[in-house]
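*Asks:* Have a look at this one before I ask anything.
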There are 2 protein chains.
Amino acid sequence: MSIGGGAWTAALTPLKDDLTIDLDAAGEHCRWLLANGAAGVVVLGTTGEANSFSLEERKALIAHLARSGLPGERVIVGTGCCSAPETIALTRAALDAGYANVLMLPPFYYKGVSDDGLFAAYARAIEGVGSSALRVLIYDIPPQTGFALSVDLLRRLRDAFPETVVGVKNSSGDWSAMEAALKALPGFQVFAGSEQFLLPTLRGGGPGCISALANITSKQLGVLGAGWRDDGADALQEAATARRAALSKFPTIAALKEVMAARTGRAQWRNIRPPLMPLSGDQRAALHATASELELSL
Amino acid sequence: MSIGGGAWTAALTPLKDDLTIDLDAAGEHCRWLLANGAAGVVVLGTTGEANSFSLEERKALIAHLARSGLPGERVIVGTGCCSAPETIALTRAALDAGYANVLMLPPFYYKGVSDDGLFAAYARAIEGVGSSALRVLIYDIPPQTGFALSVDLLRRLRDAFPETVVGVKNSSGDWSAMEAALKALPGFQVFAGSEQFLLPTLRGGGPGCISALANITSKQLGVLGAGWRDDGADALQEAATARRAALSKFPTIAALKEVMAARTGRAQWRNIRPPLMPLSGDQRAALHATASELELSL
């Protein structure tokens with residue numbers, strides 16, 4: 001069984017003023033996204049500041065989203081930690097909550113590691129979870145981990161766990177890497193890690209994208225994800241790419257939280273865990289000017 | 001109060017065949033190091049594979065070392081995690097066990113973060129622990145984290161927490177960075193992250209080094225650490241630097257574990273957590289040849 005295609009949102013995690021997770025606001029934001037164009041939500045990914053939260057905080061968020069009724073087929077949970085026991089515990093917590101789709105970072109502390117070592121780490125995690133329900137997207141995000149995952153590693157993992165390792169999220173920002181994976185591994189779900197590559201990915205046989213900016217542009221991306229075979233698709237992609245380029249001068253997560261604060265009138269949306277920081281006053285003014293030029297509602 | 005100077009060992013963590021920590025062997029290894037030239041042991045650092053263990057596994061190791069009588073003034077515990085709650089919990093566990101000296105990684109998932117963000121992260125952790133007994137070495141290890149810590153950040157942390165932030169371990173491998181910190185921050189304990197810079201660090205007013213290779217060369221480094229003002233110091237440093245250069249062609253942690261296996265006759269010493277892997281047969285043969293040339297006892 002595969003994971004649904006389209007334009008997914010890598011959901012932000014709203015925080016209270018004491019920087020703990022605002023569970024109610026998190027559930028509300030995810031529901032709003034699902035009702036406003038998002039094919040689904042990835043929670044506890046990079047945009048969701050997952051690694052800034054303890055294992056217990058992440059488990060509590062997963063359990064809350066399940067209780068609030070967020071449907072399993074429209075959720076992917078980030079569960080990859082540096083340590084295998086924690087990756088296993090978090091993945092089990094997702095499964096127990098009814099979320100069988102997970103996005104799994106490789107253990108990311110050590111660099112220069114071998115494909116054998118990365119294969120062993122993923123195998124240990126998947127076998128440790130030991131569930132036939134599990135569906136794993138491998139998370140390839142060189143800007144954060146410091147290393148790229150090879151197509152050969154992806155193939156080995158798919159071949160070893162054909163029912164479980166169903167795809168990859170490629171956040172390299174490098175289309176040639178996504179294209180190589182799409183061509184080498186037909187049927188493997190190669191999600192682009194940004195909406196910048198949504199149309200090329202869909203045309204290349206991929207399922208879609210998982211996008212941070214979709215927190216504030218889910219409607220527009222939903223139209224493109226659903227209508228990518230239509231005449232206006234190229235223009236929609238160009239607009240999405242232009243938005244991304246214009247917003248790329250701001251720190252992504254803080255900028256998205258600033259837009260959410262402006263849109264909802266809730267100042268708490270600006271809360272973010274160090275080492276990330278809210279936008280400065282100057283950045284905030286510049287962002288509002290940019291958003292206005294882009295005709296993004298605030 | 002400062003941390004003791006000299007040549008410290010970044011202790012390996014011995015594992016059982018199921019890749020759980022061999023607590024007894026860990027205590028034994030630390031005691032052996034302290035009795036054989038090590039000024040002290042840093043446990044749960046990079047060499048100790050800290051980030052491959054869960055919070056609970058790390059706490060269990062800390063508690064075991066305390067129960068086994070490893071003295072507080074000769075131990076530094078690595079406690080820096082990606083998330084503030086886990087850094088705080090682990091640091092408290094170290095303090096509760098009688099280990100007031102900790103080596104604290106910055107939150108290392110996000111890159112391109114600001115000094116303000118890193119300052120806020122460290123401040124949050126230190127204030128969260130809230131103990132006047134705590135002594136923090138900041139852990140600056142760009143090869144693993146992907147970013148270097150500025151002298152200005154170190155100064156801000158020292159000035160904000162003068163009784164607590166006592167120094168830094170600089171594992172950049174770049175002498176100019178260590179020299180800059182030594183010159184800019186007199187009295188701040190700038191430990192070199194490798195024995196390659198032990199003598200220059202001591203001559204520059206620093207306290208010493210924290211070395212991975214000291215797991216297998218603690219005696220030789222102990223002589224240099226104690227006798228660095230003596231005539232033979234340069235020759236001892238040259239020998240240490242030559243050993244390091246010769247061993248640098250092997251993956252460090254796996255190579256050190258291989259030497260320990262050969263020395264002790266305990267094959268379990270080769271166990272290592274993925275993504276790290278034991279040496280291959282070819283690497284093992286090459287390492288034994290190198291060790292023989294270096295006259296390292298096996």
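Starting from 1 in every chain, residues are counted up; chains themselves are A, B, ... following the order of the structure tokens, and ligands are numbered from 1 as listed.
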Please, which residues of region 46-261 of chain B, numbered as in this document, come out strand (DSSP E or B) from DSSP, as a list of chain:residue names?
*Replies:* B:Val75, B:Ile76, B:Val77, B:Gly78, B:Asn101, B:Val102, B:Leu103, B:Met104, B:Arg135, B:Val136, B:Leu137, B:Ile138, B:Tyr139, B:Asp140, B:Val165, B:Val166, B:Gly167, B:Val168, B:Lys169, B:Asn170, B:Gln189, B:Val190, B:Phe191, B:Ala192, B:Gly208, B:Cys209, B:Ile210, B:Ser211
*Asks:* With 9 Å as the limit and counting only C-alpha atoms, what residues in chain A lie close to chain B? Please list them as number ranges by chain.
*Replies:* A: 46, 50-55, 81-86, 106-111, 113-122, 124, 143-146, 273-277
*Asks:* Within 12 Å of Ala133 (chain A), counting only C-alpha atoms, which residues qualify if same-chain residues fewer than 4 places away don't, as a short mmCIF file (atom, residue, chain, number, x, y, z; two decimals) with N, CA, C and O atoms, in the first residue's frame?
*Replies:*
```
data_model
loop_
_atom_site.label_atom_id
_atom_site.label_comp_id
_atom_site.auth_asym_id
_atom_site.auth_seq_id
_atom_site.Cartn_x
_atom_site.Cartn_y
_atom_site.Cartn_z
N MET A 1 0.84 -1.19 0.00
CA MET A 1 0.00 0.00 0.00
C MET A 1 0.88 1.24 0.00
O MET A 1 1.86 1.32 0.72
N SER A 2 0.50 2.20 -0.83
CA SER A 2 1.31 3.41 -0.93
C SER A 2 0.69 4.54 -0.12
O SER A 2 -0.43 4.43 0.38
N GLY A 72 -5.68 8.82 9.70
CA GLY A 72 -4.42 8.15 9.47
C GLY A 72 -3.87 8.26 8.06
O GLY A 72 -2.66 8.41 7.87
N THR A 91 8.26 5.55 16.44
CA THR A 91 7.53 4.92 15.35
C THR A 91 6.40 4.05 15.90
O THR A 91 5.28 4.05 15.38
N ARG A 92 6.70 3.34 16.98
CA ARG A 92 5.64 2.55 17.62
C ARG A 92 4.53 3.43 18.16
O ARG A 92 3.34 3.10 18.06
N ALA A 94 3.59 6.24 16.91
CA ALA A 94 2.79 6.66 15.75
C ALA A 94 1.84 5.53 15.34
O ALA A 94 0.63 5.76 15.14
N LEU A 95 2.36 4.34 15.24
CA LEU A 95 1.52 3.19 14.86
C LEU A 95 0.39 2.98 15.86
O LEU A 95 -0.76 2.75 15.48
N ASP A 96 0.72 3.04 17.13
CA ASP A 96 -0.28 2.84 18.18
C ASP A 96 -1.39 3.88 18.08
O ASP A 96 -2.54 3.61 18.45
N GLY A 98 -2.46 5.06 15.33
CA GLY A 98 -3.19 4.89 14.08
C GLY A 98 -2.50 5.54 12.88
O GLY A 98 -3.07 5.62 11.80
N TYR A 99 -1.26 5.97 13.08
CA TYR A 99 -0.50 6.61 12.00
C TYR A 99 0.58 5.65 11.51
O TYR A 99 1.64 5.52 12.12
N ALA A 100 0.29 4.98 10.41
CA ALA A 100 1.20 3.95 9.89
C ALA A 100 2.26 4.52 8.96
O ALA A 100 3.23 3.84 8.64
N ASN A 101 2.05 5.77 8.50
CA ASN A 101 3.01 6.40 7.57
C ASN A 101 4.00 7.24 8.36
O ASN A 101 3.61 8.19 9.03
N VAL A 102 5.28 6.90 8.23
CA VAL A 102 6.28 7.69 8.95
C VAL A 102 7.37 8.17 7.98
O VAL A 102 7.64 7.55 6.95
N ILE A 126 13.56 -0.59 11.50
CA ILE A 126 12.36 -1.22 10.93
C ILE A 126 12.10 -2.58 11.58
O ILE A 126 10.97 -2.89 11.95
N VAL A 129 10.80 -2.15 15.11
CA VAL A 129 9.37 -1.81 15.18
C VAL A 129 8.55 -3.08 14.93
O VAL A 129 7.59 -3.37 15.64
N GLU A 163 7.49 -4.14 1.33
CA GLU A 163 6.15 -3.73 1.78
C GLU A 163 6.21 -2.52 2.71
O GLU A 163 5.19 -1.91 3.00
N THR A 164 7.40 -2.20 3.19
CA THR A 164 7.53 -1.19 4.24
C THR A 164 8.18 0.10 3.75
O THR A 164 7.67 1.19 3.99
N VAL A 165 9.32 -0.03 3.08
CA VAL A 165 10.02 1.16 2.60
C VAL A 165 9.42 1.54 1.25
O VAL A 165 9.79 0.99 0.22
N VAL A 166 8.48 2.47 1.28
CA VAL A 166 7.68 2.76 0.08
C VAL A 166 8.17 3.98 -0.68
O VAL A 166 7.77 4.21 -1.82
#
```
*Asks:* Which residues are close to region 16-18 of chain B, i.e. within 7 Å by only C-alpha atoms, leaving aside same-chain residues fewer than 3 positions away? Reply as a list in words.
*Replies:*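 Counting only the stated atoms, we get Ile21, Asp22, Gln268 and Asn271 of chain B.
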*Asks:* Rank A:Ala125, A:Ala212, A:Leu294, A:Ala93 by their smallest atom-to-atom distance to Arg243 (chain A), using only C-alpha atoms, and report the top residue only.
*Replies:*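 The shortest atom-to-atom distance to Arg243 (chain A) comes from A:Leu294.
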*Asks:* Would you kindly return, as a list in words, each protein, DNA or RNA residue with an atom no farther than 12 Å from any atom of Ala239 (chain A), considering only C-alpha atoms and excluding same-chain residues fewer than 4 positions away?
*Replies:*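 Listing them by chain and then by number gives Glu195, Gln196, Leu198, Leu199, Thr217, Gln220, Leu221, Leu224, Gly232, Ala233, Asp234, Ala235, Arg243, Arg244, Ala245, Ala246, Leu294, Glu295 and Leu296 of chain A.
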*Asks:* Let's see if you can do this: from backbone DSSP, list all alpha helix (DSSP H) residues in region 58-248 of chain A, as a PyMOL selection string.
*Replies:* chain A and resi 58-67+84-96+115-129+142-145+151-160+175-184+198-203+214-226+233-247
*Asks:* Please, what distance in Å, to one decimal, runs between CA of Thr79 (chain B) and CA of Ile138 (chain B)?
*Replies:*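 According to the coordinates, CA of Thr79 (chain B) and CA of Ile138 (chain B) are separated by 10.4 Å.
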*Asks:* For Ser172 (chain A), which residue out of A:Pro142, A:Pro207, A:Gly27, A:Gly37 is the nearest one, using only C-alpha atoms?
*Replies:*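 Of A:Pro142, A:Pro207, A:Gly27, A:Gly37, the one nearest Ser172 (chain A), counting only C-alpha atoms, is A:Pro142.
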